[in-house]
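Next comes final.pdb, with PDB, C-alpha atoms and all ligand atoms.
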ATOM      1  CA  MET Z 286      10.574  22.533  11.910
ATOM      2  CA  PHE Z 287       7.415  20.471  11.408
ATOM      3  CA  TYR Z 288       6.554  18.416   8.335
ATOM      4  CA  GLY Z 289       3.043  17.364   7.362
ATOM      5  CA  ALA Z 290       1.846  13.923   6.299
ATOM      6  CA  ILE Z 291      -1.380  12.594   4.834
ATOM      7  CA  GLU Z 292      -2.440   9.026   4.183
ATOM      8  CA  ALA Z 293      -5.644   9.087   2.165
ATOM      9  CA  GLY Z 294      -7.562   5.808   2.065
ATOM     10  CA  GLY Z 295     -10.987   4.668   0.989
ATOM     11  CA  THR Z 296     -12.519   4.843   4.455
ATOM     12  CA  LYS Z 297     -10.335   7.333   6.325
ATOM     13  CA  VAL Z 298      -7.700   9.995   5.842
ATOM     14  CA  LEU Z 299      -4.911  10.214   8.406
ATOM     15  CA  CYS Z 300      -3.319  13.654   8.817
ATOM     16  CA  GLY Z 301      -0.201  14.066  10.908
ATOM     17  CA  VAL Z 302       2.718  16.250  11.824
ATOM     18  CA  GLY Z 303       6.237  14.963  12.324
ATOM     19  CA  LEU Z 304       9.901  15.749  12.637
ATOM     20  CA  GLN Z 305      12.939  15.314  10.402
ATOM     21  CA  THR Z 306      13.743  12.140  12.369
ATOM     22  CA  GLY Z 307      10.532  10.552  11.091
ATOM     23  CA  GLU Z 308       8.841  10.746  14.468
ATOM     24  CA  LEU Z 309       5.138  11.657  14.355
ATOM     25  CA  VAL Z 310       4.170  14.159  17.028
ATOM     26  CA  ASP Z 311       0.447  14.317  16.287
ATOM     27  CA  HIS Z 312      -2.082  12.636  14.037
ATOM     28  CA  VAL Z 313      -5.832  12.501  13.521
ATOM     29  CA  SER Z 314      -8.238  10.399  11.472
ATOM     30  CA  ILE Z 315     -10.856  12.022   9.231
ATOM     31  CA  PRO Z 316     -13.582   9.971   7.503
ATOM     32  CA  THR Z 317     -13.216   9.902   3.700
ATOM     33  CA  ARG Z 318     -16.275  11.471   2.046
ATOM     34  CA  GLY Z 319     -16.541  13.464  -1.141
ATOM     35  CA  PRO Z 320     -13.475  15.502  -2.107
ATOM     36  CA  THR Z 321     -14.914  18.891  -1.076
ATOM     37  CA  GLU Z 322     -15.705  17.967   2.535
ATOM     38  CA  THR Z 323     -12.642  15.755   2.954
ATOM     39  CA  ILE Z 324     -10.154  18.287   1.565
ATOM     40  CA  ARG Z 325     -11.810  21.035   3.659
ATOM     41  CA  ASP Z 326     -11.176  18.968   6.848
ATOM     42  CA  ILE Z 327      -7.569  18.267   5.831
ATOM     43  CA  VAL Z 328      -6.964  21.973   5.216
ATOM     44  CA  THR Z 329      -8.520  22.847   8.595
ATOM     45  CA  TYR Z 330      -6.143  20.421  10.329
ATOM     46  CA  PHE Z 331      -3.024  21.863   8.670
ATOM     47  CA  ARG Z 332      -4.151  25.456   9.285
ATOM     48  CA  SER Z 333      -4.114  24.664  13.012
ATOM     49  CA  HIS Z 334      -0.927  22.546  12.721
ATOM     50  CA  PRO Z 335       1.356  24.588  10.455
ATOM     51  CA  VAL Z 336       4.045  22.670   8.575
ATOM     52  CA  SER Z 337       6.807  23.693   6.189
ATOM     53  CA  ARG Z 338       6.189  20.964   3.595
ATOM     54  CA  LEU Z 339       3.574  18.292   3.089
ATOM     55  CA  GLY Z 340       3.733  14.694   1.790
ATOM     56  CA  VAL Z 341       0.644  12.852   0.562
ATOM     57  CA  ALA Z 342       0.314   9.047   0.430
ATOM     58  CA  SER Z 343      -2.879   8.544  -1.532
ATOM     59  CA  PHE Z 344      -5.204   5.892  -2.848
ATOM     60  CA  GLY Z 345      -5.157   5.790  -6.630
ATOM     61  CA  PRO Z 346      -4.936   5.387  -9.437
ATOM     62  CA  LEU Z 347      -2.934   8.612  -9.553
ATOM     63  CA  ASP Z 348      -1.378  10.653 -12.342
ATOM     64  CA  LEU Z 349       2.247  10.754 -11.218
ATOM     65  CA  ASP Z 350       3.796  12.090 -14.416
ATOM     66  CA  PRO Z 351       5.127  15.552 -13.507
ATOM     67  CA  ARG Z 352       4.965  16.646 -17.162
ATOM     68  CA  HIS Z 353       1.171  16.378 -17.155
ATOM     69  CA  ALA Z 354      -1.146  19.253 -16.255
ATOM     70  CA  THR Z 355      -3.085  16.607 -14.350
ATOM     71  CA  TYR Z 356      -0.050  15.629 -12.202
ATOM     72  CA  GLY Z 357      -1.271  14.713  -8.734
ATOM     73  CA  SER Z 358      -4.861  13.920  -9.771
ATOM     74  CA  ILE Z 359      -6.889  10.859  -8.897
ATOM     75  CA  THR Z 360      -7.765   9.141 -12.182
ATOM     76  CA  ASN Z 361     -10.261   6.321 -12.804
ATOM     77  CA  THR Z 362     -11.114   5.356  -9.236
ATOM     78  CA  PRO Z 363     -14.399   3.566  -8.499
ATOM     79  CA  LYS Z 364     -14.982   6.474  -6.035
ATOM     80  CA  ILE Z 365     -16.775   8.486  -8.709
ATOM     81  CA  ALA Z 366     -16.795  11.820  -6.813
ATOM     82  CA  TRP Z 367     -12.987  11.713  -6.649
ATOM     83  CA  ARG Z 368     -12.428  11.055 -10.365
ATOM     84  CA  GLY Z 369     -10.321  13.781 -11.911
ATOM     85  CA  VAL Z 370      -9.810  15.589  -8.602
ATOM     86  CA  ASN Z 371      -6.362  17.170  -8.490
ATOM     87  CA  PHE Z 372      -5.536  16.272  -4.907
ATOM     88  CA  LEU Z 373      -2.001  17.687  -5.040
ATOM     89  CA  GLN Z 374      -3.021  21.001  -6.609
ATOM     90  CA  SER Z 375      -6.033  21.468  -4.293
ATOM     91  CA  LEU Z 376      -3.780  21.127  -1.254
ATOM     92  CA  LYS Z 377      -1.080  23.376  -2.745
ATOM     93  CA  ASN Z 378      -3.611  26.091  -3.534
ATOM     94  CA  ALA Z 379      -5.367  25.953  -0.181
ATOM     95  CA  LEU Z 380      -2.270  25.721   2.011
ATOM     96  CA  GLN Z 381       0.303  27.563  -0.145
ATOM     97  CA  LEU Z 382       2.867  24.864   0.581
ATOM     98  CA  THR Z 383       5.232  22.608  -1.301
ATOM     99  CA  VAL Z 384       3.355  19.310  -1.550
ATOM    100  CA  PHE Z 385       4.674  15.890  -2.639
ATOM    101  CA  ILE Z 386       2.537  12.919  -3.626
ATOM    102  CA  ASP Z 387       2.865   9.174  -4.236
ATOM    103  CA  THR Z 388       0.654   6.120  -3.868
ATOM    104  CA  ASP Z 389      -0.169   4.917  -0.359
ATOM    105  CA  VAL Z 390       1.779   1.709  -0.970
ATOM    106  CA  ASN Z 391       4.834   3.392  -2.504
ATOM    107  CA  ALA Z 392       4.848   5.652   0.562
ATOM    108  CA  ALA Z 393       4.538   2.628   2.861
ATOM    109  CA  ILE Z 394       7.564   0.904   1.311
ATOM    110  CA  LEU Z 395       9.540   4.173   1.526
ATOM    111  CA  ALA Z 396       8.752   4.451   5.242
ATOM    112  CA  GLU Z 397       9.613   0.784   5.831
ATOM    113  CA  TYR Z 398      12.881   1.444   3.979
ATOM    114  CA  ALA Z 399      13.675   4.545   6.026
ATOM    115  CA  TRP Z 400      12.591   3.300   9.461
ATOM    116  CA  GLY Z 401      11.342  -0.278   9.324
ATOM    117  CA  ALA Z 402      11.457  -3.733   7.793
ATOM    118  CA  ALA Z 403      13.145  -2.717   4.502
ATOM    119  CA  ALA Z 404      16.030  -0.753   6.094
ATOM    120  CA  HIS Z 405      19.357  -1.204   4.264
ATOM    121  CA  LEU Z 406      17.729  -3.004   1.322
ATOM    122  CA  THR Z 407      17.702  -1.677  -2.241
ATOM    123  CA  THR Z 408      14.785  -3.610  -3.776
ATOM    124  CA  ALA Z 409      11.754  -4.343  -1.645
ATOM    125  CA  LEU Z 410       8.018  -4.690  -1.875
ATOM    126  CA  TYR Z 411       5.055  -3.676   0.304
ATOM    127  CA  VAL Z 412       1.724  -5.338  -0.483
ATOM    128  CA  THR Z 413      -1.502  -4.398   1.238
ATOM    129  CA  ILE Z 414      -4.385  -6.862   1.368
ATOM    130  CA  GLY Z 415      -7.409  -4.922   2.571
ATOM    131  CA  THR Z 416     -10.454  -3.459   0.857
ATOM    132  CA  GLY Z 417      -8.295  -3.601  -2.235
ATOM    133  CA  ILE Z 418      -4.939  -5.172  -3.017
ATOM    134  CA  GLY Z 419      -2.008  -2.996  -4.038
ATOM    135  CA  GLY Z 420       1.752  -3.030  -3.992
ATOM    136  CA  GLY Z 421       4.484  -0.434  -3.633
ATOM    137  CA  VAL Z 422       7.878  -1.274  -5.055
ATOM    138  CA  LEU Z 423      11.296   0.115  -4.314
ATOM    139  CA  VAL Z 424      13.899  -0.661  -6.974
ATOM    140  CA  ASP Z 425      17.428   0.658  -6.371
ATOM    141  CA  ARG Z 426      16.038   2.561  -3.358
ATOM    142  CA  ARG Z 427      13.449   4.465  -5.405
ATOM    143  CA  PRO Z 428       9.727   3.819  -5.784
ATOM    144  CA  VAL Z 429       8.757   2.672  -9.262
ATOM    145  CA  HIS Z 430       6.970   5.191 -11.507
ATOM    146  CA  GLY Z 431       6.661   4.882 -15.226
ATOM    147  CA  LEU Z 432       3.578   4.872 -17.366
ATOM    148  CA  MET Z 433       1.891   5.615 -14.014
ATOM    149  CA  HIS Z 434       2.654   3.344 -11.055
ATOM    150  CA  PRO Z 435       2.392  -0.401 -10.525
ATOM    151  CA  GLU Z 436      -1.112  -1.855 -10.019
ATOM    152  CA  MET Z 437      -0.079  -5.116  -8.421
ATOM    153  CA  GLY Z 438      -3.543  -6.147  -7.258
ATOM    154  CA  HIS Z 439      -4.937  -6.526 -10.769
ATOM    155  CA  ILE Z 440      -2.771  -9.358 -12.071
ATOM    156  CA  GLY Z 441      -4.251 -12.602 -13.350
ATOM    157  CA  ILE Z 442      -4.413 -15.601 -11.033
ATOM    158  CA  ARG Z 443      -4.979 -19.301 -11.775
ATOM    159  CA  LYS Z 444      -8.233 -20.142 -10.026
ATOM    160  CA  ASP Z 445      -8.417 -23.202  -7.812
ATOM    161  CA  SER Z 446     -10.666 -25.906  -9.304
ATOM    162  CA  SER Z 447     -12.667 -26.013  -6.055
ATOM    163  CA  ASP Z 448     -13.457 -22.279  -6.208
ATOM    164  CA  ALA Z 449     -16.777 -21.515  -7.862
ATOM    165  CA  PHE Z 450     -16.732 -17.850  -6.794
ATOM    166  CA  PRO Z 451     -16.566 -15.664  -9.940
ATOM    167  CA  GLY Z 452     -14.658 -12.678  -8.430
ATOM    168  CA  ILE Z 453     -15.648  -9.057  -7.802
ATOM    169  CA  CYS Z 454     -13.210  -6.739  -9.563
ATOM    170  CA  ALA Z 455     -15.310  -4.151 -11.408
ATOM    171  CA  THR Z 456     -12.832  -4.209 -14.296
ATOM    172  CA  HIS Z 457     -11.390  -7.747 -14.489
ATOM    173  CA  VAL Z 458     -13.774  -9.808 -12.346
ATOM    174  CA  ASP Z 459     -11.325 -12.554 -11.297
ATOM    175  CA  CYS Z 460      -7.984 -10.763 -10.954
ATOM    176  CA  LEU Z 461      -6.095 -11.089  -7.638
ATOM    177  CA  GLU Z 462      -8.082  -8.241  -6.040
ATOM    178  CA  GLY Z 463     -11.317  -9.690  -7.389
ATOM    179  CA  LEU Z 464     -10.571 -13.061  -5.782
ATOM    180  CA  ALA Z 465      -8.589 -12.271  -2.643
ATOM    181  CA  SER Z 466      -9.389  -8.793  -1.234
ATOM    182  CA  GLY Z 467     -11.307  -8.530   2.060
ATOM    183  CA  PRO Z 468     -14.617  -7.855   0.253
ATOM    184  CA  ALA Z 469     -13.956 -10.820  -2.113
ATOM    185  CA  ILE Z 470     -13.472 -13.142   0.882
ATOM    186  CA  ALA Z 471     -16.668 -11.809   2.452
ATOM    187  CA  ALA Z 472     -18.640 -12.252  -0.791
ATOM    188  CA  ARG Z 473     -17.338 -15.783  -1.399
ATOM    189  CA  TRP Z 474     -18.033 -17.138   2.097
ATOM    190  CA  GLN Z 475     -20.915 -14.821   3.003
ATOM    191  CA  VAL Z 476     -19.098 -13.918   6.225
ATOM    192  CA  SER Z 477     -16.946 -10.875   6.889
ATOM    193  CA  SER Z 478     -13.272 -11.875   6.673
ATOM    194  CA  GLN Z 479     -12.585 -10.874  10.289
ATOM    195  CA  ASP Z 480     -15.270 -13.341  11.439
ATOM    196  CA  LEU Z 481     -13.811 -16.390   9.668
ATOM    197  CA  PRO Z 482     -12.064 -18.719  12.148
ATOM    198  CA  SER Z 483      -8.385 -19.433  11.550
ATOM    199  CA  ASP Z 484      -9.073 -23.082  10.609
ATOM    200  CA  HIS Z 485     -11.647 -22.131   7.931
ATOM    201  CA  PRO Z 486     -10.787 -23.344   4.371
ATOM    202  CA  ALA Z 487     -10.984 -19.698   3.268
ATOM    203  CA  TRP Z 488      -7.446 -19.150   4.531
ATOM    204  CA  ALA Z 489      -5.788 -21.980   2.560
ATOM    205  CA  LEU Z 490      -7.433 -20.650  -0.612
ATOM    206  CA  GLU Z 491      -6.408 -17.088   0.286
ATOM    207  CA  ALA Z 492      -2.811 -18.233   0.874
ATOM    208  CA  ASN Z 493      -2.837 -20.060  -2.468
ATOM    209  CA  TYR Z 494      -3.932 -16.950  -4.407
ATOM    210  CA  LEU Z 495      -1.612 -14.562  -2.577
ATOM    211  CA  ALA Z 496       1.304 -16.990  -2.977
ATOM    212  CA  GLN Z 497       0.757 -17.168  -6.742
ATOM    213  CA  ALA Z 498       0.921 -13.374  -6.878
ATOM    214  CA  ILE Z 499       3.954 -13.194  -4.593
ATOM    215  CA  ALA Z 500       5.790 -15.804  -6.678
ATOM    216  CA  THR Z 501       5.121 -13.636  -9.751
ATOM    217  CA  TYR Z 502       6.392 -10.530  -7.940
ATOM    218  CA  ILE Z 503       9.538 -12.455  -6.924
ATOM    219  CA  TYR Z 504      10.190 -13.580 -10.502
ATOM    220  CA  VAL Z 505       9.591 -10.108 -11.970
ATOM    221  CA  LEU Z 506      11.135  -7.831  -9.331
ATOM    222  CA  SER Z 507      13.564  -9.975  -7.349
ATOM    223  CA  PRO Z 508      12.782  -8.172  -4.071
ATOM    224  CA  GLN Z 509      15.104  -8.662  -1.109
ATOM    225  CA  ARG Z 510      12.119  -8.625   1.263
ATOM    226  CA  ILE Z 511       8.320  -8.637   0.965
ATOM    227  CA  ILE Z 512       6.177  -6.856   3.548
ATOM    228  CA  LEU Z 513       2.510  -7.834   3.805
ATOM    229  CA  GLY Z 514       0.108  -5.366   5.439
ATOM    230  CA  GLY Z 515      -3.588  -4.451   5.345
ATOM    231  CA  GLY Z 516      -6.612  -5.584   7.331
ATOM    232  CA  VAL Z 517      -6.830  -9.133   5.932
ATOM    233  CA  MET Z 518      -3.292  -9.892   7.183
ATOM    234  CA  GLN Z 519      -4.575  -9.435  10.734
ATOM    235  CA  GLN Z 520      -5.729 -13.065  10.438
ATOM    236  CA  THR Z 521      -2.635 -14.501  12.084
ATOM    237  CA  ALA Z 522      -2.916 -17.941  10.452
ATOM    238  CA  LEU Z 523      -2.477 -16.353   7.023
ATOM    239  CA  LEU Z 524       1.165 -15.250   7.050
ATOM    240  CA  PRO Z 525       2.635 -18.712   7.878
ATOM    241  CA  ALA Z 526       0.301 -20.299   5.284
ATOM    242  CA  ILE Z 527       1.465 -17.780   2.653
ATOM    243  CA  ARG Z 528       5.141 -18.480   3.425
ATOM    244  CA  ARG Z 529       4.603 -22.224   2.967
ATOM    245  CA  ALA Z 530       2.585 -21.717  -0.220
ATOM    246  CA  VAL Z 531       5.200 -19.337  -1.725
ATOM    247  CA  ALA Z 532       8.011 -21.840  -1.062
ATOM    248  CA  SER Z 533       5.942 -24.624  -2.583
ATOM    249  CA  ASN Z 534       4.966 -22.465  -5.563
ATOM    250  CA  LEU Z 535       8.595 -21.516  -6.358
ATOM    251  CA  ASN Z 536       9.494 -25.206  -6.047
ATOM    252  CA  GLY Z 537      13.165 -24.490  -5.417
ATOM    253  CA  TYR Z 538      13.672 -22.552  -8.657
ATOM    254  CA  ILE Z 539      14.955 -19.430  -6.858
ATOM    255  CA  ALA Z 540      17.902 -20.997  -5.102
ATOM    256  CA  ARG Z 541      18.379 -18.492  -2.306
ATOM    257  CA  ARG Z 542      18.644 -19.256   1.366
ATOM    258  CA  GLU Z 543      16.057 -16.478   2.091
ATOM    259  CA  LEU Z 544      13.391 -18.811   0.694
ATOM    260  CA  LEU Z 545      14.326 -21.850   2.768
ATOM    261  CA  THR Z 546      11.832 -22.922   5.444
ATOM    262  CA  GLU Z 547      14.025 -21.702   8.278
ATOM    263  CA  GLU Z 548      14.698 -18.282   6.634
ATOM    264  CA  ILE Z 549      11.464 -17.381   4.868
ATOM    265  CA  ASP Z 550      10.039 -15.926   8.112
ATOM    266  CA  HIS Z 551      12.550 -13.074   7.625
ATOM    267  CA  TYR Z 552      11.774 -12.738   3.916
ATOM    268  CA  ILE Z 553       7.979 -12.406   3.977
ATOM    269  CA  VAL Z 554       7.234 -10.227   6.974
ATOM    270  CA  PRO Z 555       4.568  -7.971   8.530
ATOM    271  CA  PRO Z 556       5.100  -4.181   8.429
ATOM    272  CA  GLN Z 557       7.425  -3.023  11.193
ATOM    273  CA  LEU Z 558       5.613   0.328  11.236
ATOM    274  CA  GLY Z 559       2.225  -1.364  11.633
ATOM    275  CA  GLN Z 560      -0.878   0.628  10.701
ATOM    276  CA  LEU Z 561       1.127   3.868  10.393
ATOM    277  CA  ALA Z 562       3.407   2.783   7.538
ATOM    278  CA  GLY Z 563       1.437   4.843   4.983
ATOM    279  CA  LEU Z 564       1.285   7.993   7.118
ATOM    280  CA  ARG Z 565       4.988   7.712   7.964
ATOM    281  CA  GLY Z 566       5.544   7.365   4.202
ATOM    282  CA  GLY Z 567       3.687  10.657   3.686
ATOM    283  CA  LEU Z 568       6.079  12.197   6.184
ATOM    284  CA  TRP Z 569       9.058  10.689   4.353
ATOM    285  CA  LEU Z 570       7.887  12.350   1.121
ATOM    286  CA  ALA Z 571       7.814  15.744   2.879
ATOM    287  CA  LEU Z 572      11.336  15.610   4.307
ATOM    288  CA  PRO Z 573      13.825  17.873   2.498
ATOM    289  CA  SER Z 574      16.642  15.315   2.428
ATOM    290  CA  MET Z 575      14.310  13.025   0.491
ATOM    291  CA  ASP Z 576      13.478  15.721  -2.081
ATOM    292  CA  MET Z 577      11.460  14.015  -4.770
ATOM    293  CA  GLU Z 578       9.695  16.987  -6.361
ATOM    294  CA  PRO Z 579      10.166  16.932 -10.124
TER     295      PRO Z 579
HETATM  296  P1  LIG Q 601      -8.354  -0.191   3.686
HETATM  297  O1  LIG Q 601      -8.162  -1.190   2.603
HETATM  298  O2  LIG Q 601      -9.648   0.582   3.551
HETATM  299  O3  LIG Q 601      -7.155   0.705   3.894
HETATM  300  P2  LIG Q 601      -7.836  -2.254   5.672
HETATM  301  O4  LIG Q 601      -6.438  -2.448   5.200
HETATM  302  O5  LIG Q 601      -8.059  -2.181   7.151
HETATM  303  O6  LIG Q 601      -8.538  -0.982   5.077
HETATM  304  O7  LIG Q 601      -8.689  -3.475   5.097
HETATM  305  C1  LIG Q 601     -10.032  -3.656   5.358
HETATM  306  C2  LIG Q 601     -10.401  -5.110   5.025
HETATM  307  O8  LIG Q 601      -9.707  -5.974   5.941
HETATM  308  C3  LIG Q 601     -11.877  -5.397   5.173
HETATM  309  O9  LIG Q 601     -12.301  -6.158   4.058
HETATM  310  C4  LIG Q 601     -11.947  -6.216   6.462
HETATM  311  O10 LIG Q 601     -13.005  -7.155   6.397
HETATM  312  C5  LIG Q 601     -10.616  -6.913   6.511
HETATM  313  N1  LIG Q 601     -10.192  -7.187   7.889
HETATM  314  C6  LIG Q 601     -10.069  -6.294   8.895
HETATM  315  N2  LIG Q 601      -9.666  -6.897  10.029
HETATM  316  C7  LIG Q 601      -9.541  -8.208   9.742
HETATM  317  C8  LIG Q 601      -9.159  -9.372  10.499
HETATM  318  N3  LIG Q 601      -8.849  -9.295  11.781
HETATM  319  N4  LIG Q 601      -9.110 -10.561   9.852
HETATM  320  C9  LIG Q 601      -9.425 -10.647   8.556
HETATM  321  N5  LIG Q 601      -9.818  -9.608   7.797
HETATM  322  C10 LIG Q 601      -9.864  -8.400   8.371
HETATM  323 ZN    ZN Q 602      -8.892  -6.117 -11.250
END
Rewritten as structure tokens:
Amino acid sequence: MFYGAIEAGGTKVLCGVGLQTGELVDHVSIPTRGPTETIRDIVTYFRSHPVSRLGVASFGPLDLDPRHATYGSITNTPKIAWRGVNFLQSLKNALQLTVFIDTDVNAAILAEYAWGAAAHLTTALYVTIGTGIGGGVLVDRRPVHGLMHPEMGHIGIRKDSSDAFPGICATHVDCLEGLASGPAIAARWQVSSQDLPSDHPAWALEANYLAQAIATYIYVLSPQRIILGGGVMQQTALLPAIRRAVASNLNGYIARRELLTEEIDHYIVPPQLGQLAGLRGGLWLALPSMDMEP
């Protein structure tokens, strides 16, 4: 029995096929364009790779309230062509399958819980720092849904007095995403974030902003582990700088050994599933034992 998985992102859509064990047996990458062309390519892939159920890990914001007629739609994304597109329903109609959907980051934390760095935990967090910043949260082993889903990249941050950069979030200007996403780093320093050397002051500022956010997430959610993924985290100097800045920010208030210098390396960690955490999360959503359909 094969299960289908999709991770839909701003630049590419990964489509894959896997087994009940969570193993992926095939996957491809499709460039994200308008919904018509992109969904057509996804449907073509699954017509040639038949699956019994399909799980979708998608960019958002998403309507995840199953009582709504618009359940499974993309809501007010800056990707105008995708606004109001019912991703879930389009796939159901075209493929005549049972389809499950959650945010890319909720899916990533589910996959890390099932097969990676959050195994055996009950409350854990996956944050991606890439083109945008977003977080997926597992509380009592379930991803958080409520009014919609958490939007952890858009929280307020105290700006450093040395930072004259205004921020680039289209809605809030200087929220976390506006100050610390990959495009924000590039706009502030006029150099793409992958081209900034590891000793550039950009990284201390980046660690400061991310640590403020992570301290807030720790106070609000009390996660047992925090997983940091996304393109910006490929700068290897960043993770150790974030760990130091989080410890300094908490200033001993959370008196847990996980936050001590010698233990924090196991508390704030990279994704164990690497770049495929989101796609593996799509697969997790499709598995029958994980039945999450409303
Ligand atoms: P997406 O957010 O579209 O899923 P990514 O998570 O790969 O994609 O994030 C892309 C962002 O990560 C871009 O802003 C890019 O400049 C930045 N990035 C990619 N590689 C690196 C790197 N090695 N060091 C720092 N930043 C990087
Ligand atoms: Zn914002």
Selection near Gln557 (chain Z), 12 Å with all atoms listed in the file, sequence-local residues under 3 positions removed, as a PDB file with C-alpha atoms, in the coordinates of the input:
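Output file around_35.pdb is given in full below:
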ATOM      1  CA  ALA Z 393       4.538   2.628   2.861  1.00  0.00           C
ATOM      2  CA  ILE Z 394       7.564   0.904   1.311  1.00  0.00           C
ATOM      3  CA  ALA Z 396       8.752   4.451   5.242  1.00  0.00           C
ATOM      4  CA  GLU Z 397       9.613   0.784   5.831  1.00  0.00           C
ATOM      5  CA  TYR Z 398      12.881   1.444   3.979  1.00  0.00           C
ATOM      6  CA  ALA Z 399      13.675   4.545   6.026  1.00  0.00           C
ATOM      7  CA  TRP Z 400      12.591   3.300   9.461  1.00  0.00           C
ATOM      8  CA  GLY Z 401      11.342  -0.278   9.324  1.00  0.00           C
ATOM      9  CA  ALA Z 402      11.457  -3.733   7.793  1.00  0.00           C
ATOM     10  CA  ALA Z 403      13.145  -2.717   4.502  1.00  0.00           C
ATOM     11  CA  ALA Z 404      16.030  -0.753   6.094  1.00  0.00           C
ATOM     12  CA  TYR Z 411       5.055  -3.676   0.304  1.00  0.00           C
ATOM     13  CA  ILE Z 511       8.320  -8.637   0.965  1.00  0.00           C
ATOM     14  CA  ILE Z 512       6.177  -6.856   3.548  1.00  0.00           C
ATOM     15  CA  LEU Z 513       2.510  -7.834   3.805  1.00  0.00           C
ATOM     16  CA  GLY Z 514       0.108  -5.366   5.439  1.00  0.00           C
ATOM     17  CA  HIS Z 551      12.550 -13.074   7.625  1.00  0.00           C
ATOM     18  CA  ILE Z 553       7.979 -12.406   3.977  1.00  0.00           C
ATOM     19  CA  VAL Z 554       7.234 -10.227   6.974  1.00  0.00           C
ATOM     20  CA  GLN Z 560      -0.878   0.628  10.701  1.00  0.00           C
ATOM     21  CA  LEU Z 561       1.127   3.868  10.393  1.00  0.00           C
ATOM     22  CA  ALA Z 562       3.407   2.783   7.538  1.00  0.00           C
ATOM     23  CA  GLY Z 563       1.437   4.843   4.983  1.00  0.00           C
ATOM     24  CA  ARG Z 565       4.988   7.712   7.964  1.00  0.00           C
TER      25      ARG Z 565
END
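Once the PyMOL selection byres (((chain Z and resi 406) around 9) and not hetatm) is applied to the depicted file, the selected set reads Tyr398, Ala403, Ala404, His405, Thr407, Thr408, Ala409, Asp425, Arg426, Pro508, Gln509 and Arg510 of chain Z.
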Picked residues, the PyMOL selection byres (((not hetatm)) within 7 of (chain Q and resi 601)), expected as a ChimeraX atom specification: /Z:294-296,413-417,466-468,477-480,515-520
Would you output that residue set with C-alpha atoms, as a PDB file, keeping the file's coordinate frame?
ATOM      1  CA  GLY Z 294      -7.562   5.808   2.065  1.00  0.00           C
ATOM      2  CA  GLY Z 295     -10.987   4.668   0.989  1.00  0.00           C
ATOM      3  CA  THR Z 296     -12.519   4.843   4.455  1.00  0.00           C
ATOM      4  CA  THR Z 413      -1.502  -4.398   1.238  1.00  0.00           C
ATOM      5  CA  ILE Z 414      -4.385  -6.862   1.368  1.00  0.00           C
ATOM      6  CA  GLY Z 415      -7.409  -4.922   2.571  1.00  0.00           C
ATOM      7  CA  THR Z 416     -10.454  -3.459   0.857  1.00  0.00           C
ATOM      8  CA  GLY Z 417      -8.295  -3.601  -2.235  1.00  0.00           C
ATOM      9  CA  SER Z 466      -9.389  -8.793  -1.234  1.00  0.00           C
ATOM     10  CA  GLY Z 467     -11.307  -8.530   2.060  1.00  0.00           C
ATOM     11  CA  PRO Z 468     -14.617  -7.855   0.253  1.00  0.00           C
ATOM     12  CA  SER Z 477     -16.946 -10.875   6.889  1.00  0.00           C
ATOM     13  CA  SER Z 478     -13.272 -11.875   6.673  1.00  0.00           C
ATOM     14  CA  GLN Z 479     -12.585 -10.874  10.289  1.00  0.00           C
ATOM     15  CA  ASP Z 480     -15.270 -13.341  11.439  1.00  0.00           C
ATOM     16  CA  GLY Z 515      -3.588  -4.451   5.345  1.00  0.00           C
ATOM     17  CA  GLY Z 516      -6.612  -5.584   7.331  1.00  0.00           C
ATOM     18  CA  VAL Z 517      -6.830  -9.133   5.932  1.00  0.00           C
ATOM     19  CA  MET Z 518      -3.292  -9.892   7.183  1.00  0.00           C
ATOM     20  CA  GLN Z 519      -4.575  -9.435  10.734  1.00  0.00           C
ATOM     21  CA  GLN Z 520      -5.729 -13.065  10.438  1.00  0.00           C
TER      22      GLN Z 520
END
Which residues of chain Z have any atom within 7 Å of an atom in ligand ZN 602 (chain Q) when counting all atoms listed in the file, and what is the closest pair of atoms for each, with the distance in Å to one decimal? Order the rows by chain and rising number and write it as CSV.
residue,atom,partner,partner_atom,distance
Z:Gly438,CA,Q:ZN602,ZN,6.7
Z:His439,CA,Q:ZN602,ZN,4.0
Z:Ile440,CA,Q:ZN602,ZN,7.0
Z:Cys454,CA,Q:ZN602,ZN,4.7
Z:Ala455,CA,Q:ZN602,ZN,6.7
Z:Thr456,CA,Q:ZN602,ZN,5.3
Z:His457,CA,Q:ZN602,ZN,4.4
Z:Val458,CA,Q:ZN602,ZN,6.2
Z:Asp459,CA,Q:ZN602,ZN,6.9
Z:Cys460,CA,Q:ZN602,ZN,4.7
Z:Leu461,CA,Q:ZN602,ZN,6.8
Z:Glu462,CA,Q:ZN602,ZN,5.7
Z:Gly463,CA,Q:ZN602,ZN,5.8
All residues 12 Å or closer to region 442-453 of chain Z, all atoms listed in the file, same chain fewer than 6 positions away omitted, as number ranges by chain: Z: 416-417, 459-475, 486-487, 489-501
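Within the file as shown, the PyMOL selection byres (((chain Z and resi 306-308) around 7) and not hetatm) identifies Gly303, Leu304, Gln305, Leu309, Val310, Arg565, Leu568 and Trp569 of chain Z.
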Prev. selection, C-alpha atoms, output as a compact mmCIF listing (two decimals), keeping the file's coordinate frame:
# COMPACT_ATOMS: atom_id res chain seq x y z
CA GLY Z 303 6.24 14.96 12.32
CA LEU Z 304 9.90 15.75 12.64
CA GLN Z 305 12.94 15.31 10.40
CA LEU Z 309 5.14 11.66 14.36
CA VAL Z 310 4.17 14.16 17.03
CA ARG Z 565 4.99 7.71 7.96
CA LEU Z 568 6.08 12.20 6.18
CA TRP Z 569 9.06 10.69 4.35
Point-to-point distance from CA of Gly340 (chain Z) to CA of Leu572 (chain Z), Å rounded to tenths: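 For CA of Gly340 (chain Z) relative to CA of Leu572 (chain Z), the distance reads 8.1 Å.
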